[in-house]
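Colleague: Sharing protein.csv, CSV, C-alpha atoms and all ligand atoms:
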chain,number,residue,atom,x,y,z
A,1264,MET,CA,-70.9,81.7,-14.2
A,1265,ILE,CA,-72.2,78.3,-13.1
A,1266,ILE,CA,-72.0,75.5,-15.6
A,1267,LEU,CA,-73.3,71.9,-15.5
A,1268,GLY,CA,-71.2,69.5,-17.6
A,1269,ILE,CA,-72.2,66.1,-18.8
A,1270,GLU,CA,-69.8,63.3,-19.8
A,1271,THR,CA,-70.9,59.9,-21.3
A,1272,SER,CA,-68.2,59.2,-23.9
A,1273,CYS,CA,-67.1,55.9,-22.5
A,1274,ASP,CA,-68.4,54.0,-19.5
A,1275,GLU,CA,-68.9,56.7,-16.8
A,1276,THR,CA,-72.2,58.6,-16.6
A,1277,ALA,CA,-70.8,61.8,-15.1
A,1278,VAL,CA,-72.3,65.1,-14.2
A,1279,GLY,CA,-70.3,68.0,-12.6
A,1280,ILE,CA,-71.1,71.6,-11.7
A,1281,VAL,CA,-68.3,74.1,-11.7
A,1282,ALA,CA,-68.3,77.9,-11.0
A,1283,ASP,CA,-66.2,80.2,-13.2
A,1284,GLY,CA,-64.4,77.2,-14.7
A,1285,THR,CA,-62.3,76.8,-11.6
A,1286,THR,CA,-64.4,76.0,-8.4
A,1287,LEU,CA,-65.8,72.5,-8.0
A,1288,ILE,CA,-69.4,72.6,-6.7
A,1289,SER,CA,-70.5,69.0,-7.4
A,1290,ASN,CA,-69.1,65.9,-9.1
A,1291,VAL,CA,-71.3,62.8,-9.6
A,1292,ILE,CA,-69.7,59.8,-11.3
A,1293,GLU,CA,-71.8,56.7,-11.9
A,1294,LYS,CA,-69.3,53.9,-12.8
A,1295,GLN,CA,-70.2,50.7,-14.8
A,1296,THR,CA,-67.2,48.7,-13.7
A,1297,ASP,CA,-69.2,45.8,-12.4
A,1298,ILE,CA,-71.1,45.4,-15.7
A,1299,HIS,CA,-68.0,45.4,-17.9
A,1300,SER,CA,-65.4,43.7,-15.7
A,1301,GLU,CA,-66.8,40.2,-16.3
A,1302,TYR,CA,-65.9,40.7,-20.0
A,1303,GLY,CA,-62.5,42.2,-19.2
A,1304,GLY,CA,-63.3,45.3,-21.4
A,1305,ILE,CA,-66.0,47.8,-22.2
A,1306,ILE,CA,-69.0,46.4,-24.2
A,1307,PRO,CA,-70.3,49.5,-26.2
A,1308,GLU,CA,-73.9,48.2,-26.4
A,1309,LEU,CA,-74.0,47.6,-22.6
A,1310,ALA,CA,-72.4,51.0,-21.9
A,1311,SER,CA,-75.0,53.0,-23.8
A,1312,ARG,CA,-77.9,51.1,-22.2
A,1313,GLN,CA,-76.5,51.8,-18.8
A,1314,HIS,CA,-76.0,55.5,-19.6
A,1315,MET,CA,-79.7,55.6,-20.4
A,1316,LYS,CA,-80.6,54.1,-17.1
A,1317,ASN,CA,-78.2,56.4,-15.1
A,1318,ILE,CA,-78.3,59.8,-16.8
A,1319,SER,CA,-81.4,61.3,-15.4
A,1320,ASN,CA,-80.5,60.4,-11.8
A,1321,ALA,CA,-76.9,61.5,-12.2
A,1322,VAL,CA,-78.1,65.0,-13.3
A,1323,LYS,CA,-80.6,65.2,-10.4
A,1324,LYS,CA,-78.0,64.0,-7.9
A,1325,SER,CA,-75.5,66.6,-9.1
A,1326,LEU,CA,-78.0,69.4,-8.7
A,1327,ILE,CA,-79.1,68.2,-5.3
A,1328,ASN,CA,-75.5,67.9,-4.1
A,1329,SER,CA,-74.8,71.4,-5.3
A,1330,LYS,CA,-77.8,72.8,-3.3
A,1331,LEU,CA,-78.7,74.8,-6.5
A,1332,ASP,CA,-81.7,74.6,-8.8
A,1333,TRP,CA,-82.0,75.0,-12.5
A,1334,SER,CA,-82.5,78.8,-12.3
A,1335,ASP,CA,-78.9,79.0,-11.0
A,1336,ILE,CA,-77.4,77.1,-14.0
A,1337,ASP,CA,-76.1,79.6,-16.6
A,1338,MET,CA,-74.8,77.2,-19.2
A,1339,LEU,CA,-74.7,73.5,-20.1
A,1340,GLY,CA,-71.7,71.7,-21.6
A,1341,VAL,CA,-71.6,68.1,-22.9
A,1342,THR,CA,-68.9,65.8,-24.4
A,1343,ASP,CA,-69.8,65.5,-28.1
A,1344,GLY,CA,-66.7,63.4,-29.0
A,1345,PRO,CA,-64.4,61.6,-29.4
A,1346,GLY,CA,-65.9,58.4,-27.9
A,1347,LEU,CA,-68.2,55.5,-28.3
A,1348,ALA,CA,-71.1,56.5,-30.7
A,1349,GLY,CA,-73.9,54.9,-28.6
A,1350,SER,CA,-72.6,56.4,-25.4
A,1351,LEU,CA,-72.1,59.9,-26.8
A,1352,ILE,CA,-75.7,59.8,-28.2
A,1353,VAL,CA,-77.1,59.4,-24.8
A,1354,GLY,CA,-75.3,62.4,-23.2
A,1355,VAL,CA,-75.7,64.7,-26.2
A,1356,ASN,CA,-79.4,64.0,-26.6
A,1357,PHE,CA,-80.1,64.4,-22.9
A,1358,ALA,CA,-78.2,67.7,-23.0
A,1359,ASN,CA,-80.1,68.9,-26.1
A,1360,GLY,CA,-83.4,68.1,-24.3
A,1361,LEU,CA,-82.4,69.9,-21.1
A,1362,SER,CA,-81.2,72.9,-23.2
A,1363,SER,CA,-84.3,73.3,-25.2
A,1364,SER,CA,-86.8,72.6,-22.4
A,1365,LEU,CA,-85.1,74.8,-19.8
A,1366,GLY,CA,-83.8,77.5,-22.2
A,1367,ILE,CA,-80.2,77.1,-21.0
A,1368,PRO,CA,-77.5,77.5,-23.7
A,1369,LEU,CA,-75.5,74.3,-24.5
A,1370,VAL,CA,-71.9,73.9,-25.8
A,1371,GLY,CA,-70.2,70.8,-27.2
A,1372,VAL,CA,-66.8,69.9,-25.7
A,1373,ASN,CA,-64.0,67.7,-27.0
A,1374,HIS,CA,-63.5,65.0,-24.4
A,1375,LEU,CA,-59.7,65.3,-24.6
A,1376,GLU,CA,-59.8,69.0,-24.2
A,1377,GLY,CA,-62.0,68.4,-21.2
A,1378,HIS,CA,-59.3,66.3,-19.7
A,1379,VAL,CA,-56.8,69.2,-20.0
A,1380,PHE,CA,-59.1,71.6,-18.2
A,1381,ALA,CA,-59.4,69.3,-15.2
A,1382,SER,CA,-56.1,71.1,-14.2
A,1383,TRP,CA,-58.0,74.4,-13.9
A,1384,ILE,CA,-60.3,73.1,-11.2
A,1385,ASP,CA,-59.6,73.8,-7.5
A,1386,ASN,CA,-55.9,74.4,-8.4
A,1387,GLU,CA,-54.2,76.7,-5.9
A,1388,ASN,CA,-51.3,77.2,-8.3
A,1389,ILE,CA,-53.6,78.1,-11.3
A,1390,ASN,CA,-51.8,81.5,-11.7
A,1391,GLU,CA,-48.7,79.6,-12.6
A,1392,ILE,CA,-50.3,78.0,-15.7
A,1393,SER,CA,-48.9,79.9,-18.6
A,1394,PHE,CA,-48.6,79.2,-22.4
A,1395,PRO,CA,-47.2,77.5,-24.2
A,1396,ILE,CA,-47.8,74.5,-22.0
A,1397,MET,CA,-47.3,70.8,-23.0
A,1398,CYS,CA,-50.3,68.5,-22.3
A,1399,LEU,CA,-49.9,64.7,-22.1
A,1400,ILE,CA,-53.4,63.1,-22.2
A,1401,VAL,CA,-53.1,59.4,-21.3
A,1402,SER,CA,-56.4,57.6,-21.2
A,1403,GLY,CA,-58.0,54.3,-22.3
A,1404,GLY,CA,-58.4,55.5,-25.8
A,1405,HIS,CA,-55.7,58.0,-26.4
A,1406,THR,CA,-52.1,58.9,-25.7
A,1407,ASP,CA,-51.7,62.4,-27.1
A,1408,LEU,CA,-48.9,64.9,-26.6
A,1409,VAL,CA,-50.4,68.3,-27.4
A,1410,LYS,CA,-48.7,71.7,-27.2
A,1411,MET,CA,-51.3,74.3,-26.0
A,1412,ASN,CA,-50.2,77.7,-27.3
A,1413,GLY,CA,-53.3,79.4,-25.8
A,1414,TYR,CA,-57.1,78.8,-25.4
A,1415,ASN,CA,-58.3,76.8,-28.3
A,1416,ASP,CA,-54.8,76.8,-29.9
A,1417,TYR,CA,-53.6,73.2,-29.9
A,1418,GLU,CA,-50.8,71.5,-31.8
A,1419,LEU,CA,-50.9,67.7,-31.8
A,1420,LEU,CA,-47.2,66.8,-31.7
A,1421,GLY,CA,-47.3,63.1,-30.9
A,1422,ARG,CA,-49.7,60.2,-30.3
A,1423,THR,CA,-49.6,56.5,-29.9
A,1424,ARG,CA,-49.0,54.4,-33.1
A,1425,ASP,CA,-50.7,51.4,-31.6
A,1426,ASP,CA,-52.3,50.9,-28.1
A,1427,ALA,CA,-53.2,53.8,-25.9
A,1428,ALA,CA,-51.4,53.9,-22.6
A,1429,GLY,CA,-54.5,52.9,-20.6
A,1430,GLU,CA,-55.3,50.2,-23.1
A,1431,ALA,CA,-51.8,48.8,-22.6
A,1432,PHE,CA,-52.3,48.7,-18.8
A,1433,ASP,CA,-55.8,47.1,-19.3
A,1434,LYS,CA,-54.3,44.4,-21.6
A,1435,ALA,CA,-51.3,43.8,-19.4
A,1436,ALA,CA,-53.6,43.2,-16.4
A,1437,ARG,CA,-55.7,40.7,-18.4
A,1438,VAL,CA,-52.6,38.7,-19.3
A,1439,LEU,CA,-51.6,38.6,-15.6
A,1440,GLY,CA,-55.1,37.5,-14.5
A,1441,LEU,CA,-55.9,40.8,-12.7
A,1442,GLY,CA,-59.2,42.7,-12.8
A,1443,PHE,CA,-60.6,45.5,-15.0
A,1444,PRO,CA,-59.8,48.4,-15.4
A,1445,GLY,CA,-56.3,47.2,-15.5
A,1446,GLY,CA,-54.4,50.4,-14.6
A,1447,PRO,CA,-55.3,50.5,-10.9
A,1448,GLU,CA,-54.9,46.7,-10.6
A,1449,ILE,CA,-51.4,46.8,-12.0
A,1450,GLU,CA,-50.5,49.7,-9.7
A,1451,LYS,CA,-51.8,47.8,-6.7
A,1452,VAL,CA,-49.8,44.7,-7.2
A,1453,ALA,CA,-46.7,46.5,-8.5
A,1454,ALA,CA,-46.5,48.3,-5.2
A,1455,LYS,CA,-45.9,44.9,-3.5
A,1456,SER,CA,-42.6,44.4,-5.5
A,1457,ASN,CA,-39.4,46.3,-5.6
A,1458,GLU,CA,-37.8,43.8,-8.1
A,1459,GLU,CA,-37.7,44.2,-11.8
A,1460,PHE,CA,-37.2,42.0,-14.9
A,1461,LEU,CA,-35.1,43.5,-17.7
A,1462,PHE,CA,-37.9,45.2,-19.8
A,1463,PRO,CA,-37.8,47.0,-23.2
A,1464,LYS,CA,-38.6,50.7,-23.4
A,1465,ALA,CA,-39.8,52.0,-26.7
A,1466,TYR,CA,-38.6,55.6,-27.0
A,1467,MET,CA,-39.4,55.8,-30.7
A,1468,LYS,CA,-36.4,58.1,-31.2
A,1469,GLY,CA,-36.7,60.7,-33.9
A,1470,THR,CA,-40.4,61.0,-33.5
A,1471,ASP,CA,-42.8,62.5,-30.9
A,1472,ASP,CA,-45.0,59.5,-31.2
A,1473,PHE,CA,-45.4,56.6,-28.7
A,1474,SER,CA,-45.7,52.9,-29.1
A,1475,PHE,CA,-46.7,50.4,-26.4
A,1476,SER,CA,-47.3,47.2,-28.3
A,1477,GLY,CA,-43.6,46.1,-27.8
A,1478,MET,CA,-43.9,46.4,-24.0
A,1479,LYS,CA,-47.2,44.5,-24.1
A,1480,THR,CA,-45.6,41.7,-26.1
A,1481,ALA,CA,-42.6,41.6,-23.7
A,1482,LEU,CA,-45.0,41.2,-20.8
A,1483,LYS,CA,-46.9,38.4,-22.6
A,1484,ASN,CA,-43.6,36.6,-23.3
A,1485,LEU,CA,-42.4,37.0,-19.7
A,1486,ALA,CA,-45.7,35.8,-18.4
A,1487,ASP,CA,-45.6,32.7,-20.6
A,1488,LYS,CA,-42.0,32.0,-19.6
A,1489,GLU,CA,-42.1,32.8,-15.9
A,1490,LEU,CA,-45.6,32.1,-14.8
A,1491,ASN,CA,-47.0,29.0,-16.6
A,1492,ASN,CA,-44.7,26.5,-14.8
A,1493,LEU,CA,-45.3,28.0,-11.4
A,1494,TYR,CA,-49.0,27.7,-11.9
A,1495,GLU,CA,-48.9,24.2,-13.1
A,1496,ASP,CA,-46.7,23.2,-10.1
A,1497,PHE,CA,-49.0,25.0,-7.6
A,1498,LYS,CA,-46.2,27.2,-6.5
A,1499,LEU,CA,-48.7,29.9,-5.6
A,1500,ASP,CA,-46.5,32.1,-3.4
A,1501,ASN,CA,-43.9,32.2,-6.2
A,1502,PHE,CA,-46.6,32.8,-8.7
A,1503,GLU,CA,-47.9,35.9,-6.9
A,1504,PHE,CA,-44.4,37.2,-6.3
A,1505,THR,CA,-43.7,36.9,-10.0
A,1506,VAL,CA,-47.0,38.5,-11.1
A,1507,ASN,CA,-46.1,41.5,-8.8
A,1508,LYS,CA,-42.6,41.7,-10.3
A,1509,ILE,CA,-43.8,41.6,-13.9
A,1510,ALA,CA,-46.4,44.3,-13.1
A,1511,ASN,CA,-43.7,46.4,-11.5
A,1512,SER,CA,-41.4,46.1,-14.5
A,1513,PHE,CA,-44.2,46.9,-16.9
A,1514,GLN,CA,-45.4,49.9,-14.9
A,1515,ASN,CA,-41.8,51.3,-14.5
A,1516,SER,CA,-41.2,51.0,-18.3
A,1517,MET,CA,-44.4,52.7,-19.2
A,1518,VAL,CA,-43.8,55.5,-16.7
A,1519,GLU,CA,-40.2,56.1,-17.7
A,1520,VAL,CA,-41.1,56.4,-21.4
A,1521,LEU,CA,-44.1,58.7,-20.8
A,1522,ALA,CA,-42.3,61.0,-18.4
A,1523,LYS,CA,-38.9,61.2,-20.2
A,1524,LYS,CA,-40.4,61.8,-23.7
A,1525,THR,CA,-42.8,64.4,-22.4
A,1526,ILE,CA,-40.1,66.3,-20.5
A,1527,ASP,CA,-37.6,66.2,-23.4
A,1528,ILE,CA,-40.2,67.4,-25.9
A,1529,SER,CA,-41.5,70.1,-23.5
A,1530,ILE,CA,-38.0,71.6,-23.1
A,1531,ARG,CA,-37.3,71.4,-26.9
A,1532,GLU,CA,-40.6,73.2,-27.5
A,1533,LYS,CA,-39.7,75.9,-24.9
A,1534,CYS,CA,-42.9,75.2,-22.9
A,1535,LYS,CA,-43.4,76.9,-19.6
A,1536,GLY,CA,-45.0,73.8,-17.9
A,1537,ILE,CA,-46.5,70.4,-18.3
A,1538,ILE,CA,-50.1,69.2,-17.8
A,1539,LEU,CA,-50.7,65.5,-17.2
A,1540,SER,CA,-54.3,64.3,-17.5
A,1541,GLY,CA,-56.6,61.4,-18.4
A,1542,GLY,CA,-57.2,58.2,-16.5
A,1543,VAL,CA,-53.6,57.0,-16.5
A,1544,ALA,CA,-52.7,60.3,-14.8
A,1545,ALA,CA,-54.2,58.7,-11.7
A,1546,ASN,CA,-51.1,56.5,-11.5
A,1547,THR,CA,-49.1,57.5,-8.4
A,1548,ILE,CA,-45.7,56.4,-9.8
A,1549,LEU,CA,-46.3,58.4,-13.1
A,1550,ARG,CA,-47.4,61.4,-11.1
A,1551,ASP,CA,-44.3,61.2,-8.8
A,1552,VAL,CA,-41.8,60.5,-11.5
A,1553,LEU,CA,-43.0,63.3,-13.8
A,1554,LYS,CA,-43.0,65.8,-10.9
A,1555,ASP,CA,-39.7,64.7,-9.5
A,1556,SER,CA,-37.8,64.7,-12.8
A,1557,SER,CA,-39.3,67.7,-14.6
A,1558,PRO,CA,-37.4,71.0,-14.4
A,1559,LEU,CA,-40.7,72.7,-15.5
A,1560,PRO,CA,-43.7,73.1,-13.3
A,1561,VAL,CA,-46.1,70.1,-13.5
A,1562,PHE,CA,-49.9,70.4,-13.1
A,1563,ILE,CA,-51.8,67.2,-12.4
A,1564,PRO,CA,-55.5,67.2,-11.3
A,1565,PRO,CA,-56.5,65.3,-8.2
A,1566,LYS,CA,-57.0,61.6,-9.0
A,1567,ILE,CA,-60.8,61.8,-9.1
A,1568,LEU,CA,-60.6,64.5,-11.8
A,1569,CYS,CA,-58.1,62.5,-13.9
A,1570,THR,CA,-60.5,59.7,-14.9
A,1571,ASP,CA,-63.7,60.7,-16.8
A,1572,ASN,CA,-65.9,63.2,-15.0
A,1573,GLY,CA,-68.4,65.9,-15.9
A,1574,ALA,CA,-66.6,68.7,-13.9
A,1575,MET,CA,-63.8,68.9,-16.5
A,1576,ILE,CA,-66.4,69.3,-19.3
A,1577,ALA,CA,-68.0,72.2,-17.3
A,1578,SER,CA,-64.6,73.8,-16.8
A,1579,CYS,CA,-63.8,73.6,-20.5
A,1580,THR,CA,-67.2,75.0,-21.4
A,1581,PHE,CA,-66.5,78.1,-19.3
A,1582,PHE,CA,-63.3,78.9,-21.1
A,1583,LYS,CA,-64.9,78.3,-24.5
A,1584,ILE,CA,-67.5,80.8,-23.6
A,1585,ARG,CA,-65.2,83.3,-21.9
A,1586,GLU,CA,-62.9,83.3,-25.0
A,1587,LYS,CA,-65.9,83.4,-27.3
A,1588,ILE,CA,-64.8,80.2,-29.0
A,1589,SER,CA,-68.1,78.5,-29.0
A,1590,LYS,CA,-71.8,79.4,-29.1
A,1591,SER,CA,-74.9,77.5,-28.2
A,1592,LEU,CA,-76.0,74.8,-30.6
A,1593,PHE,CA,-78.3,71.8,-31.0
A,1594,LEU,CA,-75.6,69.2,-31.0
A,1595,GLU,CA,-74.8,65.9,-32.8
A,1596,PRO,CA,-72.3,63.3,-31.5
A,1597,ILE,CA,-69.0,63.2,-33.3
A,1598,PRO,CA,-67.4,59.9,-32.4
A,1599,ASN,CA,-64.1,60.6,-34.2
A,1600,LYS,CA,-63.8,64.3,-33.2
A,1601,SER,CA,-60.2,65.5,-33.3
A,1602,TRP,CA,-58.2,68.4,-31.8
B,1701,LIG,O1,-59.7,58.9,-19.1
B,1701,LIG,P1,-60.4,57.6,-18.7
B,1701,LIG,O2,-61.1,57.5,-17.4
B,1701,LIG,O3,-61.3,57.0,-19.8
B,1701,LIG,C1,-61.0,57.2,-21.2
B,1701,LIG,O4,-61.2,58.4,-21.6
B,1701,LIG,O5,-60.5,56.2,-21.8
B,1701,LIG,O6,-59.2,56.5,-18.7
B,1701,LIG,C2,-59.4,55.2,-18.4
B,1701,LIG,C3,-58.1,54.4,-18.4
B,1701,LIG,C4,-58.2,52.9,-18.3
B,1701,LIG,O7,-57.5,52.3,-19.3
B,1701,LIG,C5,-57.6,52.6,-16.9
B,1701,LIG,O8,-56.9,51.4,-16.8
B,1701,LIG,C6,-56.6,53.8,-16.8
B,1701,LIG,O9,-57.2,54.9,-17.3
B,1701,LIG,N1,-56.2,54.0,-15.4
B,1701,LIG,C7,-55.0,53.8,-14.9
B,1701,LIG,C8,-55.1,54.1,-13.5
B,1701,LIG,N2,-56.4,54.5,-13.2
B,1701,LIG,C9,-57.1,54.4,-14.4
B,1701,LIG,N3,-53.8,53.5,-15.5
B,1701,LIG,C10,-52.7,53.3,-14.7
B,1701,LIG,N4,-52.7,53.5,-13.3
B,1701,LIG,C11,-53.9,53.9,-12.7
B,1701,LIG,N5,-53.9,54.1,-11.4
B,1702,ZN,ZN,-61.2,60.1,-20.8
Could you show the structure in this file as structure tokens?
Modeller:
Amino acid sequence: MIILGIETSCDETAVGIVADGTTLISNVIEKQTDIHSEYGGIIPELASRQHMKNISNAVKKSLINSKLDWSDIDMLGVTDGPGLAGSLIVGVNFANGLSSSLGIPLVGVNHLEGHVFASWIDNENINEISFPIMCLIVSGGHTDLVKMNGYNDYELLGRTRDDAAGEAFDKAARVLGLGFPGGPEIEKVAAKSNEEFLFPKAYMKGTDDFSFSGMKTALKNLADKELNNLYEDFKLDNFEFTVNKIANSFQNSMVEVLAKKTIDISIREKCKGIILSGGVAANTILRDVLKDSSPLPVFIPPKILCTDNGAMIASCTFFKIREKISKSLFLEPIPNKSW
């Protein structure tokens, strides 16, 4: 079954085509980084306007890249939430239009569930995925720890009580004067340092929740204390050295907490493996630390399928149909859709 998936919940206009939920055929991702980076964050109004400009071409490009035509597409999937209302409206209405004009059935997909299914795509170890499995979804808007007992059977065990992990990376980068999105920028400069400041790690003992605001405040205090004087005295080499060291300390703290809590809770819950997904799962240190320290098998999609994409929505659609969980509908966006 060949499925075309559309994703516009945030600032990527993305369209992917996947066969049988597991084989990637095409993956078009139109980013809006240049538009939002000058504001240091996503401006919802600009995001939805840009989706309107991009969506038609992204769909066409995805089809051209796949060397297929509409008669080959068996099903459509679209993210209907959670996400930015104006952004979701563009993708959902475009998908409604395609579905009714071409007569192809359409399924609405939860964006976070889509992130999980990125692990099913082009995964040579797919047969080792067995339930229950723990899913850590770390993105710009969410940090959710979800026990997946089977298809469409999710238990939300923990979530962030303040900033999402990606949001904390983005805010940390802004304090350090780095670019947007902050995660890849922090990762880049942290790689230049092997020194660390003493940094707090919020384990939130006794709960399965996360909290990153303390680490963000610690970074701000450290930047005020260590960087301001260097900048004023034009000690620019020292300034760069210290930015890299702060970024390294922050990244290591974030990674340690995310990896350790996820592994401990997965073992407690007798899970058979761990899935790491969402934009922050593109972080090399997090990928390596989780894999190296977990006694359970760890599944992490390739980096391009960790950040927002349409292929993960197509894959999730396939399993919803196969398991008879969803049927074709005329959809409405659900900005606060939950598990
Ligand atoms: O899943 P995603 O593409 O969009 C949302 O659903 O939010 O995640 C975007 C987030 C951003 O906050 C970005 O800074 C973060 O993922 N991110 C990273 C890395 N690449 C993207 N965080 C840490 N390290 C990275 N390499
Ligand atoms: Zn996402």
Colleague: Which of these, A:Arg1531, A:Lys1434, A:Lys1554, A:Lys1323, has the shortest distance to ligand LIG 1701 (chain B) once you count only C-alpha atoms and all ligand atoms?
Modeller: A:Lys1434
Colleague: Could you produce a table of the residues of chain A lying within 6 Å of ligand LIG 1701 (chain B), with the nearest pair of atoms per residue and their separation in Å rounded to one decimal, using only C-alpha atoms and all ligand atoms, ordered by chain and increasing residue number, as a Markdown table?
Modeller:
| residue | atom | partner | partner_atom | distance |
| --- | --- | --- | --- | --- |
| A:Ser1402 | CA | B:LIG1701 | O6 | 3.9 |
| A:Gly1403 | CA | B:LIG1701 | O5 | 3.2 |
| A:Gly1404 | CA | B:LIG1701 | O5 | 4.6 |
| A:Gly1429 | CA | B:LIG1701 | O7 | 3.3 |
| A:Glu1430 | CA | B:LIG1701 | O7 | 4.9 |
| A:Phe1432 | CA | B:LIG1701 | O8 | 5.7 |
| A:Asp1433 | CA | B:LIG1701 | O8 | 5.1 |
| A:Pro1444 | CA | B:LIG1701 | O8 | 4.4 |
| A:Gly1445 | CA | B:LIG1701 | O8 | 4.4 |
| A:Gly1446 | CA | B:LIG1701 | N3 | 3.3 |
| A:Pro1447 | CA | B:LIG1701 | N5 | 3.9 |
| A:Glu1450 | CA | B:LIG1701 | N4 | 5.7 |
| A:Gly1541 | CA | B:LIG1701 | O1 | 4.0 |
| A:Gly1542 | CA | B:LIG1701 | O9 | 3.4 |
| A:Val1543 | CA | B:LIG1701 | N3 | 3.6 |
| A:Ala1545 | CA | B:LIG1701 | N5 | 4.6 |
| A:Asn1546 | CA | B:LIG1701 | N5 | 3.7 |
| A:Thr1570 | CA | B:LIG1701 | O2 | 3.4 |
| A:Asp1571 | CA | B:LIG1701 | O2 | 4.2 |
Colleague: Using only C-alpha atoms, please write the residues we just selected to a file, as a PDB file, in the coordinates of the input.
Modeller:
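File written: out.pdb
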ATOM      1  CA  SER A1402     -56.400  57.600 -21.200  1.00  0.00           C
ATOM      2  CA  GLY A1403     -58.000  54.300 -22.300  1.00  0.00           C
ATOM      3  CA  GLY A1404     -58.400  55.500 -25.800  1.00  0.00           C
ATOM      4  CA  GLY A1429     -54.500  52.900 -20.600  1.00  0.00           C
ATOM      5  CA  GLU A1430     -55.300  50.200 -23.100  1.00  0.00           C
ATOM      6  CA  PHE A1432     -52.300  48.700 -18.800  1.00  0.00           C
ATOM      7  CA  ASP A1433     -55.800  47.100 -19.300  1.00  0.00           C
ATOM      8  CA  PRO A1444     -59.800  48.400 -15.400  1.00  0.00           C
ATOM      9  CA  GLY A1445     -56.300  47.200 -15.500  1.00  0.00           C
ATOM     10  CA  GLY A1446     -54.400  50.400 -14.600  1.00  0.00           C
ATOM     11  CA  PRO A1447     -55.300  50.500 -10.900  1.00  0.00           C
ATOM     12  CA  GLU A1450     -50.500  49.700  -9.700  1.00  0.00           C
ATOM     13  CA  GLY A1541     -56.600  61.400 -18.400  1.00  0.00           C
ATOM     14  CA  GLY A1542     -57.200  58.200 -16.500  1.00  0.00           C
ATOM     15  CA  VAL A1543     -53.600  57.000 -16.500  1.00  0.00           C
ATOM     16  CA  ALA A1545     -54.200  58.700 -11.700  1.00  0.00           C
ATOM     17  CA  ASN A1546     -51.100  56.500 -11.500  1.00  0.00           C
ATOM     18  CA  THR A1570     -60.500  59.700 -14.900  1.00  0.00           C
ATOM     19  CA  ASP A1571     -63.700  60.700 -16.800  1.00  0.00           C
TER      20      ASP A1571
END
Colleague: Would you mind listing what lies within 9 Å of Lys1524 in chain A as a list in words, with only C-alpha atoms counted and same-chain residues fewer than 5 positions away left out?
Modeller: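 Close residues of Lys1524 in chain A: Tyr1466, Asp1471, Phe1473, Glu1519 and Ser1529 of chain A.
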Colleague: Grab me every residue within 12 Å of ligand ZN 1702 (chain B), counting all atoms listed in the file, and send it over as a PyMOL selection string.
Modeller: chain A and resi 1270-1277+1342+1344-1347+1373-1381+1400-1407+1427-1430+1540-1545+1567-1573+1575-1576
Colleague: Counting all atoms listed in the file, what is within 12 Å of Cys1534 in chain A, bar same-chain residues fewer than 4 positions away, as JSON, numbers by chain?
Modeller: {"A": [1392, 1393, 1394, 1395, 1396, 1397, 1398, 1409, 1410, 1411, 1412, 1413, 1525, 1526, 1527, 1528, 1529, 1530, 1538, 1557, 1558, 1559, 1560, 1561]}
Colleague: If you measure from CA of Val1341 in chain A to CA of Ile1563 in chain A, what distance in Å do you get, rounded to one decimal?
Modeller: 22.4 Å
Colleague: Would you mind reading off the distance between CA of Ile1269 in chain A and CA of Gly1340 in chain A, one decimal, in Å?
Modeller: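 A separation of 6.3 Å between them.
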Colleague: Let me make sure I understand: among A:Val1372, A:Ser1364, A:Pro1307, A:Gly1349, which one has the smallest atom-to-atom distance to Ser1578 in chain A if we use only C-alpha atoms?
Modeller: A:Val1372
Colleague: Taking the point (-73.2, 57.9, -12.2) as given in the file, collect each protein or nucleic acid residue that comes within 10 Å of it, counting only C-alpha atoms, and present the set as a list in words.
Modeller: Glu1270, Thr1271, Asp1274, Glu1275, Thr1276, Ala1277, Val1278, Asn1290, Val1291, Ile1292, Glu1293, Lys1294, Gln1295, Gln1313, His1314, Lys1316, Asn1317, Ile1318, Ser1319, Asn1320, Ala1321, Val1322, Lys1324, Ser1325 and Asn1572 of chain A
Colleague: Taking into account all atoms listed in the file, which residue in the set A:Asp1343, A:Asp1335, A:Glu1503, A:Glu1495 is nearest to Glu1595 in chain A?
Modeller: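 For Glu1595 in chain A, the nearest of the candidates is A:Asp1343.
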Colleague: How far is it from CA of Asn1390 in chain A to CA of Val1370 in chain A, in Å with one decimal?
Modeller: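 So the answer is 25.7 Å.
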Colleague: Name the closest residue to Leu1539 in chain A among the candidates A:Arg1312, A:Leu1339, A:Lys1479, A:Phe1562; distances are taken between atoms, counting all atoms listed in the file.
Modeller: A:Phe1562
Colleague: Just checking: using all atoms listed in the file, which residue out of A:Ile1327, A:Ala1486, A:Ile1306, A:Ile1384 ends up closest to Phe1582 in chain A?
Modeller: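 Counting all atoms listed in the file, the residue closest to Phe1582 in chain A is A:Ile1384.
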Colleague: Select, from A:Ser1350, A:Asn1415, A:Thr1547, A:Ser1476, the residue with the minimum atom-to-atom distance to Pro1565 in chain A, counting only C-alpha atoms.
Modeller: A:Thr1547
Colleague: Neighbouring residues of Ile1265 in chain A were defined as those with any atom within 10 Å, considering all atoms listed in the file; residues of the same chain fewer than 5 positions away were excluded. Please report them as a ChimeraX atom specification.
Modeller: /A:1280-1284,1286,1288,1331,1335-1339,1577-1578,1581
